Amino acid sequence: MVAAAAARCCLVVNPIVAHHSRPAPSSALRLPRRFARPSSSPLVAVASMDAPPPGYRTNVGICLADPSLTKIFSASRIDIPSAWQMPQGGIDEGEDPRAAAVRELREETGVTSAEIVAEAPNWLTYDFPPDVREKLNARWGTNWEGQAQKWFLFRFTGKDDEINLNGDGSEKPEFAEWTWMTPQQVIEKAVDFKKPVYEEALKHFAPYLQSDPTASS
């Protein structure tokens with residue numbers, strides 16, 4: 001278990017603890033309450049669309065909540081340790097987005113004990129910053145402007161030791177360490193160009209999520 005710095009968020013002062021193994025178990029389910037969101041990043045706008053636009057890579061975003069629907073899985077990237085994010089991945093040709101979300105969750109975290117709670121109604125898009133666009137398109141052999149994401153809220157129903165950052169072994173690992181975060185912390189720790197999408201996705205999922213009773217107001 002590796003201690004990470006506290007997220008710099010005026011609404012949450014409890015520390016973030018990153019893990020390679022299992023943290024303390026989650027609490028019981030409670031009735032939903034909305035959480036307060038930090039303001040959107042002034043640097044990037046997010047588009048919400050009924051269908052993915054041309055020129056954008058179709059992608060799924062996965063908000064994996066703990067069994068109590070209080071905190072959300074977030075992990076640091078191996079290639080960029082300061083970048084924390086929720087799982088995500090491309091949709092294969094002809095693949096249903098829900099099936100893609102289940103597959104990506106398994107490939108990136110090893111998790112199979114989870115249920116879909118909600119789906120964001122629209123596709124959320126973001127543009128790649130120029131350096132990221134150049135790097136990713138060179139890797140993929142494409143010319144995508146950015147990503148169009150379909151977001152899903154999952155409730156984790158297993159034990160924390162099921163989470164394995166080597167995934168299911170079918171893909172190269174992407175994450176170095178992980179932790180459960182509050183929604184505010186997830187947004188605060190994300191890279192700037194993903195913050196607006198995270199805010200919008202978590203706004204859709206807010207009715208299903210719980211307030212953290214251990215967080216100071």
# chains A, B, ... in the order shown; residues from 1 in each chain; ligands from 1
call {"tool": "residues_around", "arguments": {"residues": "Pro53 of chain A", "least_positions_apart": "4", "cutoff": "9 Å", "atoms": "only C-alpha atoms", "output": "PDB file with N, CA, C and O atoms, in the first residue's frame"}}
result
ATOM      1  N   MET A  49     -23.532  14.559 -27.395  1.00  0.00           N
ATOM      2  CA  MET A  49     -24.198  14.278 -28.658  1.00  0.00           C
ATOM      3  C   MET A  49     -24.968  12.970 -28.584  1.00  0.00           C
ATOM      4  O   MET A  49     -24.606  12.057 -27.840  1.00  0.00           O
ATOM      5  N   ARG A  57     -12.730   8.939 -32.279  1.00  0.00           N
ATOM      6  CA  ARG A  57     -12.640   7.510 -31.959  1.00  0.00           C
ATOM      7  C   ARG A  57     -13.726   7.151 -30.950  1.00  0.00           C
ATOM      8  O   ARG A  57     -13.843   7.789 -29.910  1.00  0.00           O
ATOM      9  N   THR A  58     -14.517   6.130 -31.277  1.00  0.00           N
ATOM     10  CA  THR A  58     -15.553   5.698 -30.337  1.00  0.00           C
ATOM     11  C   THR A  58     -14.923   4.925 -29.187  1.00  0.00           C
ATOM     12  O   THR A  58     -14.032   4.094 -29.392  1.00  0.00           O
ATOM     13  N   TRP A 123     -23.355  10.695 -25.986  1.00  0.00           N
ATOM     14  CA  TRP A 123     -21.920  10.540 -26.197  1.00  0.00           C
ATOM     15  C   TRP A 123     -21.228  11.833 -25.766  1.00  0.00           C
ATOM     16  O   TRP A 123     -21.669  12.928 -26.123  1.00  0.00           O
ATOM     17  N   THR A 125     -17.764  14.024 -25.888  1.00  0.00           N
ATOM     18  CA  THR A 125     -16.559  14.097 -26.706  1.00  0.00           C
ATOM     19  C   THR A 125     -15.548  15.082 -26.135  1.00  0.00           C
ATOM     20  O   THR A 125     -15.909  16.058 -25.480  1.00  0.00           O
ATOM     21  N   ALA A 148     -14.989  10.115 -28.679  1.00  0.00           N
ATOM     22  CA  ALA A 148     -16.408  10.202 -28.343  1.00  0.00           C
ATOM     23  C   ALA A 148     -16.701   9.039 -27.415  1.00  0.00           C
ATOM     24  O   ALA A 148     -16.541   7.872 -27.803  1.00  0.00           O
TER      25      ALA A 148
END
call {"tool": "residues_around", "arguments": {"residues": "Val197 of chain A", "least_positions_apart": "3", "cutoff": "8 Å", "atoms": "only C-alpha atoms", "output": "ChimeraX atom specification"}}
result
/A:46,124-126,194,200-201
call {"tool": "write_last_selection", "arguments": {"atoms": "C-alpha atoms", "output": "compact mmCIF listing (two decimals), in the first residue's frame"}}
result
# COMPACT_ATOMS: atom_id res chain seq x y z
CA VAL A 46 -17.14 19.11 -23.67
CA LEU A 124 -19.40 12.88 -24.54
CA THR A 125 -16.56 14.10 -26.71
CA TYR A 126 -13.23 15.75 -26.09
CA LYS A 194 -10.49 15.07 -19.40
CA GLU A 200 -20.42 15.72 -17.17
CA ALA A 201 -20.38 11.95 -16.71
call {"tool": "closest_residue", "arguments": {"among": "A:Asn122, A:Leu69, A:Trp144, A:Ser76", "to": "Pro54 of chain A", "atoms": "only C-alpha atoms"}}
result
A:Trp144
call {"tool": "residues_around", "arguments": {"residues": "Asp131 of chain A", "least_positions_apart": "6", "cutoff": "12 Å", "atoms": "only C-alpha atoms", "output": "list in words"}}
result
Asn137, Ala138, Glu145 and Gly146 of chain A
call {"tool": "residues_around", "arguments": {"residues": "Leu105 of chain A", "least_positions_apart": "3", "cutoff": "9 Å", "atoms": "only C-alpha atoms", "output": "PyMOL selection string"}}
result
chain A and resi 62+64+87-89+100-102+108-112+167
call {"tool": "atom_distance", "arguments": {"atom1": "atom CA of Ala51 of chain A", "atom2": "atom CA of Lys150 of chain A"}}
result
9.6 Å
call {"tool": "atom_distance", "arguments": {"atom1": "atom CA of Glu115 of chain A", "atom2": "atom CA of Gly158 of chain A"}}
result
10.2 Å
call {"tool": "closest_atom_pairs", "arguments": {"of": "segment 76-171 of chain A", "to": "segment 180-193 of chain A", "cutoff": "9 Å", "atoms": "only C-alpha atoms", "output": "JSON lines"}}
result
{"residue": "A:Ser82", "atom": "CA", "partner": "A:Lys189", "partner_atom": "CA", "distance": 8.2}
{"residue": "A:Ala83", "atom": "CA", "partner": "A:Val191", "partner_atom": "CA", "distance": 6.0}
{"residue": "A:Trp84", "atom": "CA", "partner": "A:Ala190", "partner_atom": "CA", "distance": 5.3}
{"residue": "A:Gln85", "atom": "CA", "partner": "A:Ala190", "partner_atom": "CA", "distance": 5.7}
{"residue": "A:Met86", "atom": "CA", "partner": "A:Val186", "partner_atom": "CA", "distance": 7.9}
{"residue": "A:Tyr126", "atom": "CA", "partner": "A:Phe193", "partner_atom": "CA", "distance": 7.3}
{"residue": "A:Asp127", "atom": "CA", "partner": "A:Phe193", "partner_atom": "CA", "distance": 7.6}
{"residue": "A:Phe128", "atom": "CA", "partner": "A:Phe193", "partner_atom": "CA", "distance": 7.4}
{"residue": "A:Pro129", "atom": "CA", "partner": "A:Phe193", "partner_atom": "CA", "distance": 7.3}
call {"tool": "closest_residue", "arguments": {"among": "A:Gln149, A:Thr179, A:Asn59, A:Thr142", "to": "Phe73 of chain A", "atoms": "only C-alpha atoms"}}
result
A:Thr179
call {"tool": "atom_distance", "arguments": {"atom1": "atom CA of Pro67 of chain A", "atom2": "atom CA of Asn164 of chain A"}}
result
17.0 Å
call {"tool": "closest_residue", "arguments": {"among": "A:Lys172, A:Ile116, A:Ala75, A:Pro121", "to": "Phe154 of chain A", "atoms": "only C-alpha atoms"}}
result
A:Ile116
call {"tool": "select_by_dssp", "arguments": {"residues": "segment 17-215 of chain A", "states": "strand (DSSP E or B)", "output": "VMD selection string"}}
result
chain A and resid 17 to 19 47 to 49 56 to 65 72 to 77 84 to 85 88 to 90 114 to 119 123 to 127 146 to 156 175 to 181
call {"tool": "select_by_dssp", "arguments": {"residues": "segment 22-163 of chain A", "states": "alpha helix (DSSP H)", "output": "ChimeraX atom specification"}}
result
/A:97-109,130-140
